[in-house]
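Next comes structure.cif, a file with mmCIF, C-alpha atoms.
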data_protein
#
loop_
_atom_site.label_atom_id
_atom_site.label_comp_id
_atom_site.auth_asym_id
_atom_site.auth_seq_id
_atom_site.Cartn_x
_atom_site.Cartn_y
_atom_site.Cartn_z
CA MET F 1 7.20 -13.29 18.44
CA SER F 2 4.11 -14.80 16.98
CA PHE F 3 4.00 -17.42 14.27
CA ALA F 4 1.79 -15.29 12.01
CA LEU F 5 4.25 -12.41 12.06
CA LEU F 6 7.10 -14.79 11.21
CA LEU F 7 5.14 -16.20 8.28
CA ILE F 8 4.22 -12.72 7.01
CA ALA F 9 7.84 -11.59 7.34
CA LEU F 10 9.15 -14.62 5.43
CA VAL F 11 6.68 -14.15 2.54
CA LEU F 12 7.24 -10.39 2.47
CA LEU F 13 11.03 -10.41 2.55
CA GLY F 14 11.27 -13.44 0.26
CA SER F 15 9.11 -11.97 -2.47
CA ALA F 16 10.74 -8.54 -2.17
CA ALA F 17 14.24 -10.00 -2.43
CA ALA F 18 13.23 -12.25 -5.33
CA ALA F 19 11.72 -9.24 -7.11
CA MET F 20 14.92 -7.26 -6.70
CA LEU F 21 17.03 -10.22 -7.89
CA SER F 22 14.88 -11.29 -10.82
CA ARG F 23 16.17 -10.83 -14.36
CA ASN F 24 12.69 -10.64 -15.84
CA LEU F 25 10.88 -7.34 -15.33
CA ILE F 26 7.41 -8.89 -15.47
CA HIS F 27 8.38 -11.38 -12.77
CA SER F 28 9.75 -8.50 -10.70
CA ALA F 29 6.51 -6.55 -10.97
CA LEU F 30 4.38 -9.57 -10.07
CA LEU F 31 6.61 -10.51 -7.12
CA LEU F 32 6.45 -6.91 -5.93
CA THR F 33 2.67 -7.17 -6.02
CA GLY F 34 3.02 -10.20 -3.75
CA ALA F 35 5.23 -8.19 -1.40
CA TRP F 36 2.65 -5.40 -1.25
CA ALA F 37 -0.05 -7.94 -0.48
CA GLY F 38 2.22 -9.21 2.32
CA ILE F 39 2.43 -5.68 3.70
CA ALA F 40 -1.37 -5.52 3.63
CA ALA F 41 -1.39 -8.81 5.57
CA PHE F 42 0.91 -7.21 8.14
CA TYR F 43 -1.50 -4.30 8.53
CA LEU F 44 -4.37 -6.74 9.02
CA TRP F 45 -2.33 -8.63 11.58
CA ALA F 46 -1.56 -5.40 13.44
CA GLY F 47 -5.24 -4.46 13.57
CA ALA F 48 -5.23 -1.60 11.06
CA GLU F 49 -7.91 -2.96 8.76
CA PHE F 50 -8.68 0.29 6.97
CA VAL F 51 -5.03 0.82 6.07
CA ALA F 52 -4.80 -2.79 4.89
CA PHE F 53 -7.69 -2.29 2.49
CA ALA F 54 -6.23 1.01 1.33
CA GLN F 55 -2.94 -0.78 0.68
CA VAL F 56 -4.70 -3.49 -1.33
CA LEU F 57 -6.66 -0.94 -3.35
CA VAL F 58 -3.80 1.45 -4.02
CA TYR F 59 -0.77 -0.84 -4.32
CA VAL F 60 -2.00 -4.30 -5.26
CA GLY F 61 -4.70 -2.84 -7.48
CA ALA F 62 -3.51 0.43 -8.96
CA VAL F 63 0.25 0.86 -8.65
CA SER F 64 0.96 -2.68 -9.83
CA MET F 65 -1.15 -2.04 -12.95
CA VAL F 66 0.74 1.21 -13.61
CA VAL F 67 4.06 -0.62 -13.17
CA LEU F 68 3.00 -3.39 -15.55
CA PHE F 69 1.90 -0.80 -18.13
CA ALA F 70 5.26 0.97 -17.82
CA VAL F 71 7.13 -2.32 -18.20
CA LEU F 72 5.16 -3.24 -21.31
CA LEU F 73 5.42 0.26 -22.86
CA THR F 74 9.18 0.40 -22.40
CA ARG F 75 9.94 -3.04 -23.75
CA GLN F 76 12.97 -3.11 -26.01
CA GLY F 77 11.87 -5.78 -28.47
CA ALA F 78 9.41 -8.52 -29.09
CA THR F 79 11.36 -10.95 -26.94
CA ALA F 80 11.63 -10.48 -23.23
CA ALA F 81 15.34 -9.83 -22.95
CA PRO F 82 16.70 -10.52 -19.48
CA VAL F 83 17.66 -7.43 -17.51
CA GLU F 84 21.20 -8.09 -16.47
CA PHE F 85 22.90 -6.64 -13.46
CA ASP F 86 25.07 -3.71 -14.37
CA SER F 87 28.41 -4.69 -12.93
CA TYR F 88 29.76 -6.95 -10.24
CA LYS F 89 31.35 -4.02 -8.44
CA ARG F 90 28.09 -2.13 -8.25
CA VAL F 91 26.17 -5.11 -6.87
CA VAL F 92 28.79 -5.74 -4.19
CA GLY F 93 28.89 -2.03 -3.28
CA SER F 94 25.12 -1.84 -2.98
CA ILE F 95 24.98 -4.95 -0.80
CA ILE F 96 27.70 -3.54 1.45
CA THR F 97 25.84 -0.23 1.70
CA ALA F 98 22.53 -1.91 2.47
CA GLY F 99 24.21 -4.16 5.03
CA GLY F 100 25.82 -1.18 6.71
CA VAL F 101 22.53 0.72 6.86
CA GLY F 102 20.80 -2.40 8.17
CA GLY F 103 23.48 -2.83 10.85
CA VAL F 104 23.07 0.75 11.99
CA LEU F 105 19.25 0.38 12.08
CA LEU F 106 19.33 -2.92 13.97
CA GLY F 107 21.88 -1.52 16.42
CA ALA F 108 19.62 1.46 17.03
CA ILE F 109 16.56 -0.76 17.51
CA PHE F 110 18.22 -3.07 20.01
CA GLY F 111 20.15 -0.29 21.72
CA THR F 112 17.17 1.96 22.40
CA PRO F 113 15.05 1.44 25.51
CA LEU F 114 11.57 1.49 23.99
CA ASP F 115 8.70 2.76 26.08
CA VAL F 116 6.40 -0.20 25.55
CA PRO F 117 3.50 -0.94 27.85
CA ALA F 118 3.68 -4.45 29.27
CA ALA F 119 0.37 -5.59 27.83
CA PRO F 120 -0.65 -3.58 24.77
CA SER F 121 -4.31 -2.74 24.81
CA PRO F 122 -6.30 -4.11 21.89
CA ALA F 123 -6.57 -1.67 19.05
CA ALA F 124 -9.82 0.19 19.44
CA LEU F 125 -9.92 2.38 16.39
CA THR F 126 -13.01 1.85 14.31
CA VAL F 127 -13.50 3.12 10.78
CA ARG F 128 -16.10 5.54 12.16
CA GLN F 129 -13.54 7.13 14.48
CA LEU F 130 -11.05 7.26 11.63
CA GLY F 131 -13.56 8.99 9.37
CA LEU F 132 -14.45 11.49 12.09
CA GLN F 133 -10.78 12.31 12.58
CA LEU F 134 -10.22 12.65 8.83
CA MET F 135 -13.22 14.98 8.49
CA GLY F 136 -12.44 16.89 11.68
CA PRO F 137 -8.86 17.73 12.65
CA TYR F 138 -7.32 16.41 9.44
CA ALA F 139 -9.77 17.91 6.94
CA ALA F 140 -7.24 20.41 5.60
CA ALA F 141 -4.65 17.67 5.08
CA LEU F 142 -7.23 15.55 3.27
CA LEU F 143 -8.06 18.42 0.91
CA ILE F 144 -4.37 19.06 0.26
CA VAL F 145 -3.78 15.39 -0.51
CA GLY F 146 -6.65 15.50 -2.99
CA VAL F 147 -5.10 18.52 -4.71
CA ILE F 148 -1.68 16.82 -4.75
CA LEU F 149 -3.12 13.68 -6.34
CA THR F 150 -4.99 15.69 -8.99
CA VAL F 151 -1.95 17.79 -9.87
CA ALA F 152 0.36 14.77 -9.91
CA LEU F 153 -1.88 12.73 -12.17
CA LEU F 154 -2.39 15.67 -14.56
CA GLY F 155 1.37 16.19 -14.55
CA ALA F 156 1.94 12.51 -15.27
CA ILE F 157 -0.36 12.74 -18.30
CA VAL F 158 1.42 15.88 -19.52
CA ILE F 159 4.85 14.29 -19.09
CA ALA F 160 3.94 11.00 -20.74
CA ALA F 161 1.98 12.53 -23.62
CA VAL F 162 3.60 13.02 -27.00
CA ASP F 163 4.85 16.59 -26.97
CA LYS F 164 5.20 17.34 -30.70
CA PRO F 165 2.44 15.64 -32.62
CA GLU F 166 3.34 17.44 -35.88
CA ASP F 167 6.74 15.73 -36.08
CA PRO F 168 6.79 12.54 -38.10
CA ALA F 169 7.23 9.55 -35.87
CA PRO F 170 10.75 8.13 -36.16
CA MET L 171 12.54 -9.48 21.70
CA SER L 172 9.27 -7.66 22.12
CA MET L 173 6.68 -7.45 19.38
CA LEU L 174 7.51 -3.81 18.68
CA GLN L 175 11.15 -4.73 18.16
CA ALA L 176 10.15 -7.60 15.87
CA CYS L 177 8.07 -5.25 13.74
CA LEU L 178 10.90 -2.71 13.61
CA VAL L 179 13.39 -5.42 12.59
CA LEU L 180 11.02 -6.53 9.83
CA SER L 181 10.68 -3.01 8.48
CA SER L 182 14.45 -2.44 8.68
CA LEU L 183 15.10 -5.60 6.66
CA LEU L 184 12.50 -4.56 4.09
CA PHE L 185 14.15 -1.13 3.87
CA CYS L 186 17.53 -2.79 3.28
CA VAL L 187 16.13 -5.01 0.52
CA GLY L 188 14.68 -1.95 -1.19
CA LEU L 189 17.91 0.01 -0.76
CA ALA L 190 20.05 -2.79 -2.18
CA GLY L 191 17.71 -3.16 -5.14
CA ALA L 192 17.60 0.57 -5.84
CA LEU L 193 21.39 0.81 -5.74
CA ALA L 194 22.26 -2.42 -7.56
CA ARG L 195 19.93 -2.31 -10.55
CA SER L 196 20.28 0.08 -13.45
CA ASN L 197 16.79 -0.38 -14.85
CA THR L 198 14.80 2.73 -13.96
CA ILE L 199 11.59 0.83 -13.22
CA LEU L 200 13.36 -1.48 -10.79
CA VAL L 201 14.98 1.48 -9.03
CA LEU L 202 11.51 3.06 -8.63
CA LEU L 203 10.18 -0.21 -7.23
CA GLY L 204 13.03 -0.31 -4.73
CA ILE L 205 12.14 3.21 -3.60
CA GLU L 206 8.51 2.12 -3.22
CA LEU L 207 9.65 -0.75 -1.01
CA MET L 208 11.56 1.70 1.21
CA LEU L 209 8.45 3.90 1.50
CA ASN L 210 6.39 0.88 2.51
CA ALA L 211 8.97 -0.06 5.13
CA ALA L 212 8.54 3.40 6.67
CA ASN L 213 4.78 2.85 6.74
CA LEU L 214 5.28 -0.43 8.61
CA ASN L 215 7.10 1.56 11.30
CA PHE L 216 4.16 3.93 11.72
CA ILE L 217 1.74 1.06 12.17
CA ALA L 218 4.05 -0.75 14.59
CA PHE L 219 4.47 2.32 16.78
CA TRP L 220 0.73 3.01 16.66
CA ARG L 221 -0.12 -0.56 17.69
CA TYR L 222 2.50 -1.06 20.39
CA GLY L 223 3.06 2.51 21.50
CA PRO L 224 1.70 4.02 24.69
CA HIS L 225 -1.37 5.58 22.98
CA PRO L 226 -3.04 3.13 20.60
CA GLY L 227 -6.33 4.96 20.91
CA ALA L 228 -5.04 7.98 19.05
CA GLY L 229 -5.16 7.27 15.34
CA THR L 230 -2.22 9.44 14.36
CA GLY L 231 -0.11 6.61 12.98
CA VAL L 232 -2.95 5.19 10.91
CA ILE L 233 -3.82 8.57 9.43
CA PHE L 234 -0.19 9.30 8.63
CA VAL L 235 0.06 5.98 6.78
CA LEU L 236 -3.08 6.82 4.78
CA PHE L 237 -1.58 10.13 3.66
CA ALA L 238 1.77 8.46 2.93
CA ILE L 239 0.04 5.88 0.72
CA ALA L 240 -1.70 8.67 -1.21
CA VAL L 241 1.54 10.58 -1.73
CA ALA L 242 3.36 7.38 -2.73
CA ALA L 243 0.69 6.66 -5.34
CA ALA L 244 1.18 10.13 -6.82
CA GLU L 245 4.95 9.61 -6.78
CA ALA L 246 4.66 6.27 -8.57
CA ALA L 247 2.43 7.74 -11.29
CA VAL L 248 4.75 10.67 -11.96
CA GLY L 249 7.87 8.48 -11.80
CA LEU L 250 6.57 5.94 -14.28
CA ALA L 251 5.40 8.74 -16.59
CA LEU L 252 8.96 10.09 -16.47
CA VAL L 253 10.29 6.62 -17.32
CA ILE L 254 8.01 6.47 -20.36
CA ALA L 255 9.03 10.00 -21.45
CA VAL L 256 12.74 9.17 -21.11
CA HIS L 257 12.23 5.92 -22.99
CA ARG L 258 10.57 7.78 -25.86
CA HIS L 259 13.51 10.14 -26.27
CA ARG L 260 16.39 7.76 -25.53
CA LYS L 261 14.98 4.37 -26.50
CA SER L 262 16.41 3.03 -23.26
CA VAL L 263 15.41 2.67 -19.63
CA ARG L 264 18.95 2.41 -18.29
CA LEU L 265 19.78 5.11 -15.77
CA GLN L 266 23.24 5.59 -17.26
CA ASP L 267 21.79 6.55 -20.64
CA ALA L 268 19.73 9.45 -19.30
CA ASN L 269 22.68 11.79 -18.89
CA SER L 270 21.85 14.78 -21.10
CA LEU L 271 22.03 17.28 -18.27
CA LYS L 272 25.42 15.99 -17.15
CA GLY L 273 28.13 18.60 -17.68
#
Since I need it in another form, could you write the structure as structure tokens?
Amino acid sequence: MSFALLLIALVLLGSAAAAMLSRNLIHSALLLTGAWAGIAAFYLWAGAEFVAFAQVLVYVGAVSMVVLFAVLLTRQGATAAPVEFDSYKRVVGSIITAGGVGGVLLGAIFGTPLDVPAAPSPAALTVRQLGLQLMGPYAAALLIVGVILTVALLGAIVIAAVDKPEDPAP
Amino acid sequence: MSMLQACLVLSSLLFCVGLAGALARSNTILVLLGIELMLNAANLNFIAFWRYGPHPGAGTGVIFVLFAIAVAAAEAAVGLALVIAVHRHRKSVRLQDANSLKG
């Protein structure tokens, strides 16, 4: 258990929990951006640099901007009204559910004999090897992901666009 | 506790935070963010198993995470577009107010 992993875990879980507990949507979105940056730090710590930079580009850069735009476009009024929790019962039920799922997961982790080599070899996966794999055996998957992204973004524009421009705006 | 177990515990806790947030909040954007957190927790598992598994030379875990990030970005864009569309029709982002299809 290294000190760096502990620090990353504290920052990550702390900012994620604070984002889920916050009553201000803007604060939630910004704290979530911090949590995503923490996940990128975990990837860097684990030796997956390319994935860390992809995480920073996609989540910290793009998805957080989309979330902030959605928060600002769906604002109720000029003042930032606090987003209250729905009901006490629902919060307690969700915490019980999450605790139960967490208990099952932790029990499975500690109850499973994991096939771990005694001394893990240092990660030897360069970006060049990754690119060769993406262009070789995974080329079809890469093309399909490109098509999925194009279709999804076009669909997002179609969904979010005003559907009846001839109607007078209410 | 080995490093692999520590990483798995971290991702389980992150998954639980996302699950609790997605279930407890009624704001649609916060529910989507909770789901994003759960997706990211799954990605942490891939990286942990790639790094501490028996075959770290094979880049399968890394490539799977790259594809998962791409699909999650598409999901976030479509989900937030849906939130904006629902807000235009209902003037609300509460999940309980979007119940037109309920019988």
Fewer than 2 positions away in the same chain doesn't count, so skip those; otherwise give me all residues within 9 Å of region 251-258 of chain L, counting all atoms listed in the file, as a PyMOL selection string. (chain F and resi 70+73-74+155-162) or (chain L and resi 198-199+246-249+260-264+268)
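Note that the spacing between CA of Gly107 (chain F) and CA of Leu184 (chain L) amounts to 15.8 Å.
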Please provide the set of residues having any atom within 9 Å of Leu13 (chain F), restricted to all atoms listed in the file, with same-chain residues fewer than 2 positions apart removed, written as a VMD selection string. (chain F and resid 8 to 11 15 to 18 35 38) or (chain L and resid 180 183 to 184 187)
Run the PyMOL selection byres ((chain F and resi 36) around 8) mentally over the shown coordinates, then write out the matched residues as a PyMOL selection string, using the chain letters and numbers from the document. chain F and resi 12+32-35+37-40+55-56+59-60
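The protein and nucleic acid residues lying at most 12 Å from Thr230 (chain L) are Ala48, Leu125, Gln129, Leu130, Gln133, Leu134, Pro137 and Tyr138 of chain F; Phe216, Ile217, Ala218, Phe219, Trp220, Arg221, Gly223, His225, Val235, Leu236 and Phe237 of chain L, with all atoms listed in the file considered and sequence neighbours fewer than 5 positions away removed.
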For the residues selected in the previous step, produce a file with C-alpha atoms as a tab-separated table (two decimals), in the coordinates of the input.
chain	number	residue	atom	x	y	z
F	48	ALA	CA	-5.23	-1.60	11.06
F	125	LEU	CA	-9.92	2.38	16.39
F	129	GLN	CA	-13.54	7.13	14.48
F	130	LEU	CA	-11.05	7.26	11.63
F	133	GLN	CA	-10.78	12.31	12.58
F	134	LEU	CA	-10.22	12.65	8.83
F	137	PRO	CA	-8.86	17.73	12.65
F	138	TYR	CA	-7.32	16.41	9.44
L	216	PHE	CA	4.16	3.93	11.72
L	217	ILE	CA	1.74	1.06	12.17
L	218	ALA	CA	4.05	-0.75	14.59
L	219	PHE	CA	4.47	2.32	16.78
L	220	TRP	CA	0.73	3.01	16.66
L	221	ARG	CA	-0.12	-0.56	17.69
L	223	GLY	CA	3.06	2.51	21.50
L	225	HIS	CA	-1.37	5.58	22.98
L	235	VAL	CA	0.06	5.98	6.78
L	236	LEU	CA	-3.08	6.82	4.78
L	237	PHE	CA	-1.58	10.13	3.66
Would you mind listing what lies within 9 Å of Asn210 (chain L) as a PyMOL selection string, with all atoms listed in the file counted and same-chain residues fewer than 3 positions away left out? (chain F and resi 36+39) or (chain L and resi 181+184-185+205-207+213-215+238-239+242)
So which one's closest to chain F, L:Tyr222, L:Leu265, L:Ala212, L:Val201? Using only C-alpha atoms, please. L:Tyr222
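Residue nearest chain L within the list F:Val127, F:Val147, F:Ala98, F:Leu31: F:Ala98 [criterion: smallest interatomic distance, only C-alpha atoms].
Comparing F:Ile96, F:Ile148, F:Ala46, F:Leu154 by their smallest distance to Leu5 (chain F), the closest is F:Ala46 (using all atoms listed in the file).
Of note, CA of Val145 (chain F) and CA of Ala240 (chain L) are spaced 7.1 Å apart.
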Which residues, named as in the file, does the PyMOL selection byres ((chain F and resi 105) around 10) pick out? Answer as number ranges by chain. F: 99-104, 106-111; L: 178-179, 181-183, 185-186
Atom pair CA of Ser172 (chain L) + CA of Val116 (chain F), distance 8.7 Å
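Closest approach to chain L among F:Arg90, F:Arg75, F:Arg128, F:Arg23: F:Arg90, based on only C-alpha atoms.
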